[in-house]
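Peer 1: Questions regarding the structure given below will be posed in turn.
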Amino acid sequence: MTFAHLTGGGGLFDGLAHPVFGIDHLIAIVVVGTLAYLLRNRLAGYTLPATFVGAMAIGGTLGVLGVTTGSTELFVALSVVLLGVVLLALTGVLDARALTGLVALAALFHGLAHGGEVPSAASPALYVIGFLLATAGLHLAGVALGPVVARSRIVRGLAGVGVIAAGVVLVSGV
């Protein structure tokens with residue numbers, strides 16, 4: 001997304017900024033942290049965020065190496081919709097392994113998007129380290145929001161609908 005490229009200079013700072021200013025990345029990453037909080041009894045609390053960061057590192061590396069799908073941004077936007085659906089309705093019924101796989105797949109595309117957009121003046125290694133650190137921090141923000149979202153079904157429903165709506169807007173803009 002355009003907002004992910006607001007920084008000047010290269011390297012670590014650009015990598016740190018990309019997930020924060022890319023609304024598609026920001027929403028998905030925070031939702032994964034929130035899901036980690038909501039599912040902490042079915043999964044270890046770190047499983048979803050660790051899976052996301054690991055798969056995103058792989059995708060980011062592939063993106064830096066020039067691998068692309070031609071539809072990466074569409075898949076990133078669709079991942080926001082899908083994570084919103086999980087937040088809204090499926091946290092209680094989706095198998096933990098299926099959810100972990102879904103998170104890994106979403107993260108792979110987020111990583112491809114990040115890695116494919118390394119600024120020309122940036123060190124690719126510092127850029128990848130930056131977006132991985134920012135992602136871990138945003139996961140923590142999602143975990144911190146977890147108690148608010150878990151407070152009631154209405155709050156979780158509103159959060160899920162909001163994420164889905166944002167995802168639909170993102171998909172329509174791709």
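Labels for the structure tokens follow display order: chains A, B, ..., residues from 1 in each chain, ligands from 1.
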With only C-alpha atoms as the counted atoms, please give the residues lying no more than 8 Å from stretch 119-126 of chain A, apart from itself and same-chain residues fewer than 2 positions off, as an mmCIF file with C-alpha atoms, in the first residue's frame.
Peer 2:
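Written output follows (part_9.cif):
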```cif
data_model
loop_
_atom_site.group_PDB
_atom_site.id
_atom_site.type_symbol
_atom_site.label_atom_id
_atom_site.label_comp_id
_atom_site.auth_asym_id
_atom_site.auth_seq_id
_atom_site.Cartn_x
_atom_site.Cartn_y
_atom_site.Cartn_z
ATOM 1 C CA GLY A 9 16.435 6.750 3.651
ATOM 2 C CA GLY A 10 17.031 3.050 3.680
ATOM 3 C CA GLY A 11 17.427 0.026 5.821
ATOM 4 C CA LEU A 12 16.147 -0.659 9.274
ATOM 5 C CA ASP A 14 12.124 1.676 6.330
ATOM 6 C CA GLY A 15 11.553 -1.919 7.407
ATOM 7 C CA VAL A 64 13.921 -9.711 -1.850
ATOM 8 C CA GLY A 115 10.402 -8.108 0.514
ATOM 9 C CA GLU A 117 9.291 -3.408 -1.907
ATOM 10 C CA VAL A 128 13.834 -7.467 6.614
ATOM 11 C CA ILE A 129 15.022 -7.240 10.230
ATOM 12 C CA GLY A 130 13.068 -3.988 10.564
#
```
Peer 1: Quick one: everything within 12 Å of A:Ala166, counting only C-alpha atoms, minus sequence neighbours fewer than 3 positions away in the same chain. Send it as a PDB file with N, CA and C atoms, in the first residue's frame.
Peer 2:
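Wrote it out as around-v6.pdb, contents follow:
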```pdb
ATOM      1  N   ILE A  23      -1.645  -0.039   5.942  1.00  0.00           N
ATOM      2  CA  ILE A  23      -2.858  -0.369   6.704  1.00  0.00           C
ATOM      3  C   ILE A  23      -3.242  -1.835   6.549  1.00  0.00           C
ATOM      4  N   ASP A  24      -3.010  -2.419   5.382  1.00  0.00           N
ATOM      5  CA  ASP A  24      -3.327  -3.831   5.187  1.00  0.00           C
ATOM      6  C   ASP A  24      -2.473  -4.708   6.104  1.00  0.00           C
ATOM      7  N   HIS A  25      -1.190  -4.372   6.201  1.00  0.00           N
ATOM      8  CA  HIS A  25      -0.292  -5.130   7.064  1.00  0.00           C
ATOM      9  C   HIS A  25      -0.624  -4.886   8.538  1.00  0.00           C
ATOM     10  N   LEU A  26      -0.836  -3.636   8.873  1.00  0.00           N
ATOM     11  CA  LEU A  26      -1.130  -3.267  10.264  1.00  0.00           C
ATOM     12  C   LEU A  26      -2.339  -4.032  10.792  1.00  0.00           C
ATOM     13  N   ILE A  27      -3.421  -4.028  10.051  1.00  0.00           N
ATOM     14  CA  ILE A  27      -4.642  -4.703  10.499  1.00  0.00           C
ATOM     15  C   ILE A  27      -4.408  -6.199  10.664  1.00  0.00           C
ATOM     16  N   ALA A  28      -3.844  -6.836   9.650  1.00  0.00           N
ATOM     17  CA  ALA A  28      -3.647  -8.288   9.706  1.00  0.00           C
ATOM     18  C   ALA A  28      -2.753  -8.686  10.877  1.00  0.00           C
ATOM     19  N   ALA A  77      -4.658  -8.339   0.776  1.00  0.00           N
ATOM     20  CA  ALA A  77      -5.964  -7.758   1.097  1.00  0.00           C
ATOM     21  C   ALA A  77      -6.977  -8.848   1.466  1.00  0.00           C
ATOM     22  N   LEU A  78      -6.968  -9.942   0.717  1.00  0.00           N
ATOM     23  CA  LEU A  78      -7.874 -11.053   1.032  1.00  0.00           C
ATOM     24  C   LEU A  78      -7.565 -11.665   2.399  1.00  0.00           C
ATOM     25  N   SER A  79      -6.300 -11.640   2.795  1.00  0.00           N
ATOM     26  CA  SER A  79      -5.952 -12.177   4.117  1.00  0.00           C
ATOM     27  C   SER A  79      -6.583 -11.343   5.224  1.00  0.00           C
ATOM     28  N   VAL A  80      -6.722 -10.048   4.996  1.00  0.00           N
ATOM     29  CA  VAL A  80      -7.385  -9.191   5.986  1.00  0.00           C
ATOM     30  C   VAL A  80      -8.845  -9.611   6.123  1.00  0.00           C
ATOM     31  N   VAL A  81      -9.527  -9.828   5.001  1.00  0.00           N
ATOM     32  CA  VAL A  81     -10.925 -10.283   5.036  1.00  0.00           C
ATOM     33  C   VAL A  81     -11.024 -11.608   5.788  1.00  0.00           C
ATOM     34  N   LEU A  82     -10.171 -12.542   5.433  1.00  0.00           N
ATOM     35  CA  LEU A  82     -10.215 -13.872   6.038  1.00  0.00           C
ATOM     36  C   LEU A  82      -9.922 -13.823   7.536  1.00  0.00           C
ATOM     37  N   LEU A  83      -8.956 -13.036   7.945  1.00  0.00           N
ATOM     38  CA  LEU A  83      -8.668 -12.915   9.380  1.00  0.00           C
ATOM     39  C   LEU A  83      -9.835 -12.255  10.116  1.00  0.00           C
ATOM     40  N   GLY A  84     -10.525 -11.333   9.462  1.00  0.00           N
ATOM     41  CA  GLY A  84     -11.725 -10.746  10.053  1.00  0.00           C
ATOM     42  C   GLY A  84     -12.820 -11.773  10.245  1.00  0.00           C
ATOM     43  N   VAL A  85     -12.992 -12.662   9.266  1.00  0.00           N
ATOM     44  CA  VAL A  85     -13.990 -13.736   9.387  1.00  0.00           C
ATOM     45  C   VAL A  85     -13.630 -14.657  10.557  1.00  0.00           C
ATOM     46  N   ALA A 159     -15.523  -5.929  16.137  1.00  0.00           N
ATOM     47  CA  ALA A 159     -14.128  -5.953  15.678  1.00  0.00           C
ATOM     48  C   ALA A 159     -14.016  -6.780  14.397  1.00  0.00           C
ATOM     49  N   GLY A 160     -14.640  -7.948  14.385  1.00  0.00           N
ATOM     50  CA  GLY A 160     -14.598  -8.797  13.195  1.00  0.00           C
ATOM     51  C   GLY A 160     -15.213  -8.136  11.986  1.00  0.00           C
ATOM     52  N   VAL A 161     -16.373  -7.516  12.163  1.00  0.00           N
ATOM     53  CA  VAL A 161     -17.040  -6.825  11.055  1.00  0.00           C
ATOM     54  C   VAL A 161     -16.184  -5.656  10.569  1.00  0.00           C
ATOM     55  N   GLY A 162     -15.567  -4.940  11.494  1.00  0.00           N
ATOM     56  CA  GLY A 162     -14.700  -3.827  11.109  1.00  0.00           C
ATOM     57  C   GLY A 162     -13.504  -4.285  10.284  1.00  0.00           C
ATOM     58  N   VAL A 163     -12.900  -5.396  10.702  1.00  0.00           N
ATOM     59  CA  VAL A 163     -11.759  -5.935   9.953  1.00  0.00           C
ATOM     60  C   VAL A 163     -12.205  -6.421   8.577  1.00  0.00           C
ATOM     61  N   VAL A 169     -12.663  -3.128   1.521  1.00  0.00           N
ATOM     62  CA  VAL A 169     -12.207  -1.866   0.924  1.00  0.00           C
ATOM     63  C   VAL A 169     -10.828  -2.061   0.298  1.00  0.00           C
ATOM     64  N   LEU A 170      -9.943  -2.758   0.990  1.00  0.00           N
ATOM     65  CA  LEU A 170      -8.604  -3.012   0.456  1.00  0.00           C
ATOM     66  C   LEU A 170      -8.660  -3.847  -0.817  1.00  0.00           C
ATOM     67  N   VAL A 171      -9.495  -4.892  -0.811  1.00  0.00           N
ATOM     68  CA  VAL A 171      -9.626  -5.737  -1.998  1.00  0.00           C
ATOM     69  C   VAL A 171     -10.150  -4.919  -3.173  1.00  0.00           C
ATOM     70  N   SER A 172     -11.111  -4.061  -2.921  1.00  0.00           N
ATOM     71  CA  SER A 172     -11.694  -3.275  -4.009  1.00  0.00           C
ATOM     72  C   SER A 172     -10.704  -2.263  -4.576  1.00  0.00           C
ATOM     73  N   GLY A 173      -9.682  -1.916  -3.802  1.00  0.00           N
ATOM     74  CA  GLY A 173      -8.682  -0.961  -4.272  1.00  0.00           C
ATOM     75  C   GLY A 173      -7.497  -1.588  -4.973  1.00  0.00           C
TER      76      GLY A 173
END
```
Peer 1: One number please: atom CA of A:Ala57 to atom CA of A:Gly142, in Å, one decimal.
Peer 2: 19.4 Å
Peer 1: Given the choices A:Tyr46, A:Phe75, A:Phe21, A:Phe109, which gets closest to A:Val168 if the distance is worked out from only C-alpha atoms?
Peer 2: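 So, comparing all the options, the nearest one is A:Phe75.
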Peer 1: Could you check how far atom CA of A:Leu158 sits from atom CA of A:Ser71, in Å to one decimal?
Peer 2: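 Interatomic distance here is 29.0 Å.
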Peer 1: Given only C-alpha atoms as the basis, pick out the residue of A:Val86, A:Leu132, A:Leu39, A:Leu62 nearest to A:Leu102.
Peer 2: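 Of the candidates, the smallest distance to A:Leu102 is held by A:Val86.
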Peer 1: Between atom CA of A:Ala36 and atom CA of A:Ala107, what is the distance, to one decimal in Å?
Peer 2: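 Between atom CA of A:Ala36 and atom CA of A:Ala107 the gap works out to 14.6 Å.
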Peer 1: Applying 9 Å and only C-alpha atoms, which residues near A:Ile58 remain after dropping the ones on its own chain fewer than 6 positions away? List them as JSON, numbers by chain.
Peer 2: {"A": [107, 108, 111, 112]}
Peer 1: Chain A: which residues are helix (DSSP H, G or I) by DSSP, as a ChimeraX atom specification?
Peer 2: /A:2-5,12-21,23-38,47-64,72-90,96-115,124-150,153-173
Peer 1: So which one's closest to A:Gly101, A:Val76, A:Ala113, A:Leu48, A:Val67? Using only C-alpha atoms, please.
Peer 2: A:Leu48
Peer 1: Residues near A:Leu140, anyone? I mean within 9 Å using only C-alpha atoms, not counting same-chain ones fewer than 3 positions away, as a list in words.
Peer 2: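 The contact residues come out as Val30, Gly33, Thr34, Pro49, Thr135, Ala136, Gly137, Val143, Ala144 and Leu145 of chain A.
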Peer 1: Go ahead and write the selection's residues with all heavy atoms as a tab-separated table (two decimals), in the first residue's frame.
Peer 2:
```tsv
chain	number	residue	atom	x	y	z
A	30	VAL	N	-2.04	-7.04	13.71
A	30	VAL	CA	-2.68	-6.82	15.01
A	30	VAL	C	-3.76	-7.88	15.26
A	30	VAL	O	-3.88	-8.40	16.38
A	30	VAL	CB	-3.25	-5.38	15.11
A	30	VAL	CG1	-4.12	-5.21	16.35
A	30	VAL	CG2	-2.11	-4.37	15.12
A	33	GLY	N	-2.25	-11.06	16.56
A	33	GLY	CA	-1.96	-10.94	17.99
A	33	GLY	C	-3.21	-11.09	18.84
A	33	GLY	O	-3.19	-11.76	19.88
A	34	THR	N	-4.30	-10.50	18.40
A	34	THR	CA	-5.57	-10.61	19.13
A	34	THR	C	-6.06	-12.05	19.12
A	34	THR	O	-6.53	-12.57	20.15
A	34	THR	CB	-6.62	-9.66	18.52
A	34	THR	OG1	-6.11	-8.33	18.58
A	34	THR	CG2	-7.93	-9.74	19.29
A	49	PRO	N	1.66	-15.75	16.54
A	49	PRO	CA	2.63	-14.72	16.18
A	49	PRO	C	3.96	-15.29	15.68
A	49	PRO	O	4.54	-14.78	14.71
A	49	PRO	CB	2.83	-13.93	17.48
A	49	PRO	CG	1.55	-14.13	18.22
A	49	PRO	CD	1.14	-15.55	17.89
A	135	THR	N	6.67	-6.19	13.12
A	135	THR	CA	5.60	-7.18	13.16
A	135	THR	C	5.46	-7.77	14.56
A	135	THR	O	4.35	-7.90	15.08
A	135	THR	CB	5.87	-8.30	12.12
A	135	THR	OG1	5.83	-7.69	10.82
A	135	THR	CG2	4.83	-9.40	12.20
A	136	ALA	N	6.58	-8.12	15.18
A	136	ALA	CA	6.52	-8.66	16.55
A	136	ALA	C	5.89	-7.65	17.50
A	136	ALA	O	5.06	-8.00	18.34
A	136	ALA	CB	7.92	-9.06	17.01
A	137	GLY	N	6.27	-6.38	17.36
A	137	GLY	CA	5.68	-5.34	18.21
A	137	GLY	C	4.18	-5.17	17.97
A	137	GLY	O	3.40	-5.00	18.92
A	143	VAL	N	-2.17	-8.54	21.09
A	143	VAL	CA	-2.37	-9.29	22.34
A	143	VAL	C	-2.92	-8.36	23.41
A	143	VAL	O	-3.83	-8.72	24.16
A	143	VAL	CB	-1.06	-9.97	22.79
A	143	VAL	CG1	-1.18	-10.53	24.20
A	143	VAL	CG2	-0.65	-11.07	21.81
A	144	ALA	N	-2.40	-7.14	23.47
A	144	ALA	CA	-2.89	-6.16	24.45
A	144	ALA	C	-4.35	-5.79	24.21
A	144	ALA	O	-5.08	-5.51	25.17
A	144	ALA	CB	-2.02	-4.90	24.40
A	145	LEU	N	-4.79	-5.82	22.95
A	145	LEU	CA	-6.21	-5.55	22.64
A	145	LEU	C	-7.09	-6.76	22.94
A	145	LEU	O	-8.31	-6.63	23.03
A	145	LEU	CB	-6.37	-5.18	21.17
A	145	LEU	CG	-5.91	-3.80	20.77
A	145	LEU	CD1	-5.96	-3.65	19.25
A	145	LEU	CD2	-6.75	-2.74	21.44
```
Peer 1: Restricting the calculation to only C-alpha atoms: of A:Val93, A:Ala106, A:Ile29, A:Ala17, which residue gets closest to A:Val118?
Peer 2: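 Between A:Val93, A:Ala106, A:Ile29, A:Ala17, the residue approaching A:Val118 most closely is A:Ala17.
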